[in-house]
Amino acid sequence: MEQILNLIYQELLEIRKTLSSGVLPPIQTPSPAITYGEWAGRFVEKYKAPKAKHSYLVEINRYLKNDIIPAFGGLLLSEITTELLENFLHAIPSDSKRSHVSAILSESLRKANDLRYVPFNPFLGVEFKRYENPALGALTHSEYMRFLSFVQIEKDMYDLSKTLLMTGLRQGEALALQPSDFDFERKEVHISKSYERLTGNLVKPKTKAGFRTIPIESPLIAIIKRRLAPNNERIFPYRSDSVSRWFSKRLKRLKLDFSGHILRHTFITNCYELEIPPYAVQVWSGHSKQEQAKTYLTLRRAEDFYKTEIVEYTLALKKRVSVIGKI
């Protein structure tokens, strides 16, 4: 026992001597000679593939193949510096692309550091222009009625547009709707899946809040009933990319530079404008927090208000909430 204590004492003296000299010994870490290209393959396979959606994996692999691997694939992890990363990101002209690429680099290098493949994460010191989501706002009452009037001759897309304005569904959720999702007696639609853009598969929502029930009223029920198809086929059997292009073209013709997602923003703004309780708007829109729904809002001027058929429909939804509150 005395011998062990003596050895510990000697080690403490060595540590004290090192500290007093001001020179710290190098940190010993298992740093294998692994290139970023080798590590990226392991990172995606082991840490991303088991939990990420297929569409997100396709996106990660696309950015790795086309952008990141050509720049860093042949470098050892230990050779990647903060300056190299900054120069690389500054050379990407698109803010959106830069944001996606930086997220992959940041996460993969952080994990490499966690596993001690590198003694520190070089991405921690990186500074670059980050992507900011544009404030999409919402269409005014006259704008969305003008849009509906413009597309009325295209019956299928007109029905889809009104469904989005009356429910606030995401485009993928609307495209996944099937007859079995509707309870016409209780006047409800149950949301439990979404149409995946890249694969065309019906997948579960990303969060628990995505599973929800939305009240529906007679005008929307009439639209859905006339579109019912046998074998529980989708109510709107279209591809997501085709629908996105359709919305973009029609909105631009009306000089409304938005995507189809603006109809979801408009529904949420309508709900708040008509004083539907925030908790109800949160549930209907599938948000985990009320703050998420508020980011969709647009402050409209009083003179922009028109009592449209969509306003009448939304007020009918409000009555459903009021009745529940009195029970």
# chains A, B, ... in the order shown; residues from 1 in each chain; ligands from 1
call {"tool": "residues_around", "arguments": {"residues": "Lys162 of chain A", "least_positions_apart": "2", "cutoff": "10 Å", "atoms": "only C-alpha atoms", "output": "list in words"}}
result
Tyr144, Leu148, Met157, Tyr158, Asp159, Leu160, Leu164, Leu165, Met166, Thr167, Gly168, Pro219, Leu220, Ile223, Leu263 and Ile310 of chain A
call {"tool": "write_last_selection", "arguments": {"atoms": "all heavy atoms", "output": "compact mmCIF listing (two decimals), in the first residue's frame"}}
result
# COMPACT_ATOMS: atom_id res chain seq x y z
N TYR A 144 -56.70 35.90 -52.67
CA TYR A 144 -56.98 34.46 -52.82
C TYR A 144 -58.28 34.22 -53.58
O TYR A 144 -58.41 33.20 -54.26
CB TYR A 144 -56.92 33.71 -51.49
CG TYR A 144 -57.98 34.00 -50.46
CD1 TYR A 144 -59.31 33.62 -50.65
CD2 TYR A 144 -57.64 34.59 -49.24
CE1 TYR A 144 -60.28 33.85 -49.68
CE2 TYR A 144 -58.60 34.81 -48.26
CZ TYR A 144 -59.92 34.45 -48.48
OH TYR A 144 -60.86 34.68 -47.52
N LEU A 148 -58.57 31.95 -56.92
CA LEU A 148 -59.57 30.90 -57.12
C LEU A 148 -60.39 31.13 -58.38
O LEU A 148 -60.71 30.19 -59.11
CB LEU A 148 -60.49 30.83 -55.90
CG LEU A 148 -59.88 30.26 -54.61
CD1 LEU A 148 -60.89 30.34 -53.47
CD2 LEU A 148 -59.43 28.82 -54.80
N MET A 157 -57.41 21.24 -59.76
CA MET A 157 -56.55 22.11 -58.97
C MET A 157 -57.36 23.13 -58.18
O MET A 157 -56.95 23.58 -57.12
CB MET A 157 -55.55 22.82 -59.89
CG MET A 157 -54.51 21.91 -60.51
SD MET A 157 -53.44 21.08 -59.29
CE MET A 157 -54.07 19.41 -59.37
N TYR A 158 -58.51 23.48 -58.72
CA TYR A 158 -59.42 24.37 -57.99
C TYR A 158 -59.87 23.69 -56.70
O TYR A 158 -59.87 24.30 -55.61
CB TYR A 158 -60.63 24.70 -58.87
CG TYR A 158 -61.68 25.56 -58.20
CD1 TYR A 158 -61.48 26.93 -58.03
CD2 TYR A 158 -62.88 25.00 -57.76
CE1 TYR A 158 -62.47 27.72 -57.43
CE2 TYR A 158 -63.86 25.78 -57.17
CZ TYR A 158 -63.65 27.14 -57.00
OH TYR A 158 -64.61 27.92 -56.40
N ASP A 159 -60.24 22.41 -56.79
CA ASP A 159 -60.65 21.66 -55.60
C ASP A 159 -59.51 21.56 -54.60
O ASP A 159 -59.71 21.70 -53.39
CB ASP A 159 -61.12 20.26 -56.00
CG ASP A 159 -62.47 20.27 -56.72
OD1 ASP A 159 -63.12 21.33 -56.71
OD2 ASP A 159 -62.83 19.23 -57.29
N LEU A 160 -58.31 21.29 -55.09
CA LEU A 160 -57.15 21.19 -54.20
C LEU A 160 -56.87 22.53 -53.53
O LEU A 160 -56.60 22.59 -52.33
CB LEU A 160 -55.92 20.72 -55.00
CG LEU A 160 -54.60 20.67 -54.22
CD1 LEU A 160 -54.71 19.73 -53.02
CD2 LEU A 160 -53.45 20.23 -55.13
N LEU A 164 -56.88 23.32 -49.45
CA LEU A 164 -55.76 23.89 -48.71
C LEU A 164 -56.18 25.15 -47.95
O LEU A 164 -55.78 25.37 -46.80
CB LEU A 164 -54.61 24.22 -49.67
CG LEU A 164 -53.95 23.02 -50.35
CD1 LEU A 164 -52.96 23.48 -51.40
CD2 LEU A 164 -53.25 22.13 -49.32
N LEU A 165 -57.01 25.98 -48.57
CA LEU A 165 -57.48 27.21 -47.92
C LEU A 165 -58.45 26.93 -46.77
O LEU A 165 -58.57 27.73 -45.85
CB LEU A 165 -58.16 28.11 -48.95
CG LEU A 165 -57.24 28.96 -49.82
CD1 LEU A 165 -58.03 29.58 -50.98
CD2 LEU A 165 -56.58 30.07 -49.00
N MET A 166 -59.14 25.79 -46.83
CA MET A 166 -60.14 25.48 -45.81
C MET A 166 -59.60 24.63 -44.67
O MET A 166 -60.27 24.46 -43.65
CB MET A 166 -61.33 24.75 -46.46
CG MET A 166 -62.16 25.63 -47.36
SD MET A 166 -63.45 24.69 -48.22
CE MET A 166 -64.44 26.03 -48.92
N THR A 167 -58.39 24.07 -44.84
CA THR A 167 -57.83 23.19 -43.82
C THR A 167 -56.46 23.60 -43.32
O THR A 167 -56.05 23.21 -42.22
CB THR A 167 -57.71 21.75 -44.35
OG1 THR A 167 -56.82 21.76 -45.50
CG2 THR A 167 -59.07 21.18 -44.76
N GLY A 168 -55.72 24.36 -44.13
CA GLY A 168 -54.35 24.70 -43.75
C GLY A 168 -53.39 23.53 -43.86
O GLY A 168 -52.28 23.56 -43.30
N PRO A 219 -69.25 22.79 -47.26
CA PRO A 219 -68.64 23.11 -48.57
C PRO A 219 -67.46 22.21 -48.93
O PRO A 219 -67.33 21.77 -50.07
CB PRO A 219 -68.21 24.57 -48.40
CG PRO A 219 -69.13 25.11 -47.36
CD PRO A 219 -69.34 23.98 -46.40
N LEU A 220 -66.61 21.91 -47.93
CA LEU A 220 -65.47 21.02 -48.22
C LEU A 220 -65.93 19.58 -48.34
O LEU A 220 -65.42 18.82 -49.18
CB LEU A 220 -64.41 21.16 -47.11
CG LEU A 220 -63.16 20.28 -47.29
CD1 LEU A 220 -62.51 20.52 -48.65
CD2 LEU A 220 -62.16 20.52 -46.17
N ILE A 223 -66.97 18.92 -51.82
CA ILE A 223 -65.83 18.77 -52.73
C ILE A 223 -65.26 17.36 -52.63
O ILE A 223 -65.01 16.70 -53.65
CB ILE A 223 -64.74 19.81 -52.40
CG1 ILE A 223 -65.21 21.22 -52.77
CG2 ILE A 223 -63.43 19.48 -53.13
CD1 ILE A 223 -64.25 22.33 -52.35
N LEU A 263 -51.06 29.14 -49.38
CA LEU A 263 -52.46 28.89 -49.03
C LEU A 263 -52.56 28.39 -47.58
O LEU A 263 -53.54 28.69 -46.88
CB LEU A 263 -53.09 27.89 -49.99
CG LEU A 263 -53.08 28.29 -51.48
CD1 LEU A 263 -53.80 27.25 -52.32
CD2 LEU A 263 -53.69 29.67 -51.68
N ILE A 310 -64.58 31.81 -48.05
CA ILE A 310 -63.58 31.21 -47.18
C ILE A 310 -63.71 31.77 -45.77
O ILE A 310 -63.55 31.04 -44.78
CB ILE A 310 -62.16 31.47 -47.73
CG1 ILE A 310 -62.01 30.86 -49.14
CG2 ILE A 310 -61.10 30.88 -46.80
CD1 ILE A 310 -62.16 29.36 -49.21
call {"tool": "closest_atom_pairs", "arguments": {"of": "segment 113-232 of chain A", "to": "segment 248-254 of chain A", "cutoff": "12 Å", "atoms": "only C-alpha atoms", "output": "JSON lines"}}
result
{"residue": "A:Leu139", "atom": "CA", "partner": "A:Leu251", "partner_atom": "CA", "distance": 10.7}
{"residue": "A:Glu143", "atom": "CA", "partner": "A:Leu254", "partner_atom": "CA", "distance": 8.9}
{"residue": "A:Tyr144", "atom": "CA", "partner": "A:Leu251", "partner_atom": "CA", "distance": 9.8}
{"residue": "A:Met145", "atom": "CA", "partner": "A:Leu254", "partner_atom": "CA", "distance": 11.6}
{"residue": "A:Arg146", "atom": "CA", "partner": "A:Leu254", "partner_atom": "CA", "distance": 8.4}
{"residue": "A:Phe147", "atom": "CA", "partner": "A:Leu251", "partner_atom": "CA", "distance": 7.2}
{"residue": "A:Leu148", "atom": "CA", "partner": "A:Arg250", "partner_atom": "CA", "distance": 10.2}
{"residue": "A:Ser149", "atom": "CA", "partner": "A:Leu254", "partner_atom": "CA", "distance": 11.1}
{"residue": "A:Phe150", "atom": "CA", "partner": "A:Arg250", "partner_atom": "CA", "distance": 8.2}
{"residue": "A:Val151", "atom": "CA", "partner": "A:Arg250", "partner_atom": "CA", "distance": 7.7}
{"residue": "A:Gln152", "atom": "CA", "partner": "A:Arg250", "partner_atom": "CA", "distance": 11.5}
{"residue": "A:Glu154", "atom": "CA", "partner": "A:Arg250", "partner_atom": "CA", "distance": 11.0}
{"residue": "A:Met157", "atom": "CA", "partner": "A:Arg250", "partner_atom": "CA", "distance": 10.6}
{"residue": "A:Tyr158", "atom": "CA", "partner": "A:Arg250", "partner_atom": "CA", "distance": 11.4}
{"residue": "A:Ser161", "atom": "CA", "partner": "A:Arg250", "partner_atom": "CA", "distance": 11.5}
call {"tool": "closest_residue", "arguments": {"among": "A:Leu274, A:Leu317, A:Val281, A:Leu169", "to": "Ile262 of chain A", "atoms": "only C-alpha atoms"}}
result
A:Leu169
call {"tool": "select_by_dssp", "arguments": {"residues": "segment 83-224 of chain A", "states": "strand (DSSP E or B)", "output": "list in words"}}
result
Phe182, Asp183, Glu188, Val189, His190, Ile191, Ser194, Tyr195, Leu202, Val203, Arg212, Thr213, Ile214 and Pro215 of chain A
call {"tool": "closest_residue", "arguments": {"among": "A:Val311, A:Ile221, A:Ile235, A:Val203", "to": "Asn270 of chain A", "atoms": "only C-alpha atoms"}}
result
A:Val311
call {"tool": "residues_around", "arguments": {"residues": "Thr207 of chain A", "least_positions_apart": "3", "cutoff": "8 Å", "atoms": "only C-alpha atoms", "output": "JSON list (two decimals) with all heavy atoms, in the first residue's frame"}}
result
[["chain", "number", "residue", "atom", "x", "y", "z"],
["A", 210, "GLY", "N", -48.11, 16.25, -35.96],
["A", 210, "GLY", "CA", -48.60, 16.04, -37.32],
["A", 210, "GLY", "C", -49.79, 15.11, -37.39],
["A", 210, "GLY", "O", -50.60, 15.18, -38.32],
["A", 211, "PHE", "N", -49.93, 14.23, -36.38],
["A", 211, "PHE", "CA", -51.11, 13.36, -36.29],
["A", 211, "PHE", "C", -52.22, 14.19, -35.62],
["A", 211, "PHE", "O", -52.11, 14.55, -34.45],
["A", 211, "PHE", "CB", -50.81, 12.13, -35.43],
["A", 211, "PHE", "CG", -49.81, 11.19, -36.04],
["A", 211, "PHE", "CD1", -48.46, 11.34, -35.80],
["A", 211, "PHE", "CD2", -50.23, 10.14, -36.84],
["A", 211, "PHE", "CE1", -47.53, 10.47, -36.35],
["A", 211, "PHE", "CE2", -49.32, 9.25, -37.39],
["A", 211, "PHE", "CZ", -47.96, 9.42, -37.15],
["A", 288, "SER", "N", -46.12, 21.90, -33.09],
["A", 288, "SER", "CA", -45.85, 21.47, -31.71],
["A", 288, "SER", "C", -46.02, 22.63, -30.72],
["A", 288, "SER", "O", -46.33, 22.41, -29.56],
["A", 288, "SER", "CB", -44.43, 20.90, -31.61],
["A", 288, "SER", "OG", -44.27, 19.81, -32.50]]
call {"tool": "residues_around", "arguments": {"residues": "segment 34-47 of chain A", "least_positions_apart": "2", "cutoff": "6 Å", "atoms": "only C-alpha atoms", "output": "PyMOL selection string"}}
result
chain A and resi 32+49+69+73-77
call {"tool": "write_last_selection", "arguments": {"atoms": "C-alpha atoms", "output": "mmCIF file, in the first residue's frame"}}
result
data_model
loop_
_atom_site.group_PDB
_atom_site.id
_atom_site.type_symbol
_atom_site.label_atom_id
_atom_site.label_comp_id
_atom_site.auth_asym_id
_atom_site.auth_seq_id
_atom_site.Cartn_x
_atom_site.Cartn_y
_atom_site.Cartn_z
ATOM 1 C CA PRO A 32 -6.840 7.194 -37.249
ATOM 2 C CA ALA A 49 -29.712 6.199 -42.362
ATOM 3 C CA ILE A 69 -16.709 15.072 -51.438
ATOM 4 C CA GLY A 73 -13.152 13.719 -49.831
ATOM 5 C CA GLY A 74 -9.419 13.109 -50.322
ATOM 6 C CA LEU A 75 -8.305 15.064 -47.246
ATOM 7 C CA LEU A 76 -7.591 13.447 -43.911
ATOM 8 C CA LEU A 77 -10.005 14.600 -41.236
#
call {"tool": "residues_around", "arguments": {"residues": "Gly286 of chain A", "least_positions_apart": "2", "cutoff": "12 Å", "atoms": "only C-alpha atoms", "output": "VMD selection string"}}
result
chain A and resid 167 to 170 173 190 to 193 205 to 214 264 268 279 to 284 288 to 290 292 to 293
call {"tool": "decode", "arguments": {"residues": "segment 233-264 of chain A", "atoms": "N, CA, C and O atoms", "output": "short mmCIF file (atom, residue, chain, number, x, y, z; two decimals), in the first residue's frame"}}
result
data_model
loop_
_atom_site.label_atom_id
_atom_site.label_comp_id
_atom_site.auth_asym_id
_atom_site.auth_seq_id
_atom_site.Cartn_x
_atom_site.Cartn_y
_atom_site.Cartn_z
N GLU A 233 -58.33 4.99 -53.07
CA GLU A 233 -57.29 5.72 -53.78
C GLU A 233 -57.25 7.17 -53.32
O GLU A 233 -58.22 7.69 -52.75
N ARG A 234 -56.14 7.86 -53.59
CA ARG A 234 -55.97 9.22 -53.12
C ARG A 234 -57.01 10.17 -53.73
O ARG A 234 -57.36 10.05 -54.90
N ILE A 235 -57.47 11.12 -52.92
CA ILE A 235 -58.45 12.10 -53.37
C ILE A 235 -57.85 12.99 -54.46
O ILE A 235 -58.51 13.31 -55.45
N PHE A 236 -56.59 13.35 -54.27
CA PHE A 236 -55.88 14.17 -55.26
C PHE A 236 -54.67 13.37 -55.75
O PHE A 236 -53.57 13.48 -55.20
N PRO A 237 -54.86 12.55 -56.79
CA PRO A 237 -53.81 11.61 -57.23
C PRO A 237 -52.74 12.24 -58.13
O PRO A 237 -52.57 11.85 -59.28
N TYR A 238 -52.04 13.23 -57.61
CA TYR A 238 -51.05 13.93 -58.42
C TYR A 238 -49.68 13.85 -57.77
O TYR A 238 -49.55 13.59 -56.57
N ARG A 239 -48.65 14.11 -58.56
CA ARG A 239 -47.28 14.16 -58.06
C ARG A 239 -47.01 15.52 -57.42
O ARG A 239 -47.49 16.57 -57.89
N SER A 240 -46.24 15.50 -56.35
CA SER A 240 -45.96 16.73 -55.61
C SER A 240 -45.23 17.76 -56.45
O SER A 240 -45.56 18.95 -56.41
N ASP A 241 -44.23 17.33 -57.23
CA ASP A 241 -43.47 18.30 -58.02
C ASP A 241 -44.34 18.94 -59.10
O ASP A 241 -44.21 20.13 -59.40
N SER A 242 -45.26 18.16 -59.68
CA SER A 242 -46.16 18.71 -60.70
C SER A 242 -47.09 19.76 -60.10
O SER A 242 -47.34 20.81 -60.70
N VAL A 243 -47.59 19.48 -58.92
CA VAL A 243 -48.49 20.42 -58.25
C VAL A 243 -47.75 21.70 -57.88
O VAL A 243 -48.27 22.81 -58.05
N SER A 244 -46.52 21.57 -57.40
CA SER A 244 -45.72 22.74 -57.04
C SER A 244 -45.49 23.65 -58.25
O SER A 244 -45.61 24.87 -58.15
N ARG A 245 -45.17 23.03 -59.38
CA ARG A 245 -44.96 23.82 -60.60
C ARG A 245 -46.25 24.50 -61.03
O ARG A 245 -46.25 25.65 -61.49
N TRP A 246 -47.37 23.79 -60.89
CA TRP A 246 -48.65 24.35 -61.28
C TRP A 246 -48.96 25.60 -60.45
O TRP A 246 -49.33 26.64 -60.99
N PHE A 247 -48.80 25.50 -59.14
CA PHE A 247 -49.06 26.65 -58.27
C PHE A 247 -48.13 27.82 -58.61
O PHE A 247 -48.57 28.97 -58.70
N SER A 248 -46.87 27.51 -58.79
CA SER A 248 -45.90 28.57 -59.07
C SER A 248 -46.26 29.36 -60.33
O SER A 248 -46.24 30.59 -60.35
N LYS A 249 -46.61 28.63 -61.39
CA LYS A 249 -46.94 29.28 -62.66
C LYS A 249 -48.20 30.14 -62.55
O LYS A 249 -48.23 31.28 -63.01
N ARG A 250 -49.25 29.60 -61.91
CA ARG A 250 -50.51 30.35 -61.84
C ARG A 250 -50.40 31.57 -60.93
O ARG A 250 -50.93 32.63 -61.25
N LEU A 251 -49.70 31.42 -59.84
CA LEU A 251 -49.53 32.56 -58.94
C LEU A 251 -48.71 33.67 -59.60
O LEU A 251 -49.01 34.86 -59.44
N LYS A 252 -47.69 33.28 -60.35
CA LYS A 252 -46.86 34.29 -61.01
C LYS A 252 -47.64 35.02 -62.11
O LYS A 252 -47.41 36.20 -62.36
N ARG A 253 -48.53 34.31 -62.78
CA ARG A 253 -49.35 34.96 -63.81
C ARG A 253 -50.21 36.07 -63.20
O ARG A 253 -50.54 37.05 -63.86
N LEU A 254 -50.56 35.88 -61.94
CA LEU A 254 -51.34 36.90 -61.23
C LEU A 254 -50.43 37.88 -60.49
O LEU A 254 -50.89 38.68 -59.69
N LYS A 255 -49.12 37.78 -60.77
CA LYS A 255 -48.11 38.64 -60.12
C LYS A 255 -48.12 38.45 -58.61
O LYS A 255 -47.92 39.40 -57.85
N LEU A 256 -48.35 37.21 -58.19
CA LEU A 256 -48.25 36.83 -56.79
C LEU A 256 -47.07 35.87 -56.69
O LEU A 256 -47.19 34.69 -57.02
N ASP A 257 -45.93 36.37 -56.29
CA ASP A 257 -44.70 35.60 -56.33
C ASP A 257 -44.58 34.70 -55.10
O ASP A 257 -43.77 34.93 -54.20
N PHE A 258 -45.42 33.65 -55.08
CA PHE A 258 -45.44 32.74 -53.94
C PHE A 258 -45.52 31.30 -54.46
O PHE A 258 -45.78 31.07 -55.64
N SER A 259 -45.34 30.36 -53.54
CA SER A 259 -45.58 28.96 -53.85
C SER A 259 -46.95 28.57 -53.33
O SER A 259 -47.62 29.35 -52.64
N GLY A 260 -47.37 27.34 -53.60
CA GLY A 260 -48.65 26.86 -53.12
C GLY A 260 -48.75 26.84 -51.60
O GLY A 260 -49.85 26.85 -51.03
N HIS A 261 -47.60 26.85 -50.93
CA HIS A 261 -47.57 26.83 -49.46
C HIS A 261 -48.23 28.09 -48.89
O HIS A 261 -48.62 28.11 -47.72
N ILE A 262 -48.34 29.13 -49.71
CA ILE A 262 -48.94 30.37 -49.25
C ILE A 262 -50.40 30.17 -48.83
O ILE A 262 -50.94 30.92 -48.01
N LEU A 263 -51.06 29.14 -49.38
CA LEU A 263 -52.46 28.89 -49.03
C LEU A 263 -52.56 28.39 -47.58
O LEU A 263 -53.54 28.69 -46.88
N ARG A 264 -51.57 27.65 -47.13
CA ARG A 264 -51.52 27.23 -45.71
C ARG A 264 -51.31 28.45 -44.82
O ARG A 264 -51.98 28.60 -43.79
#
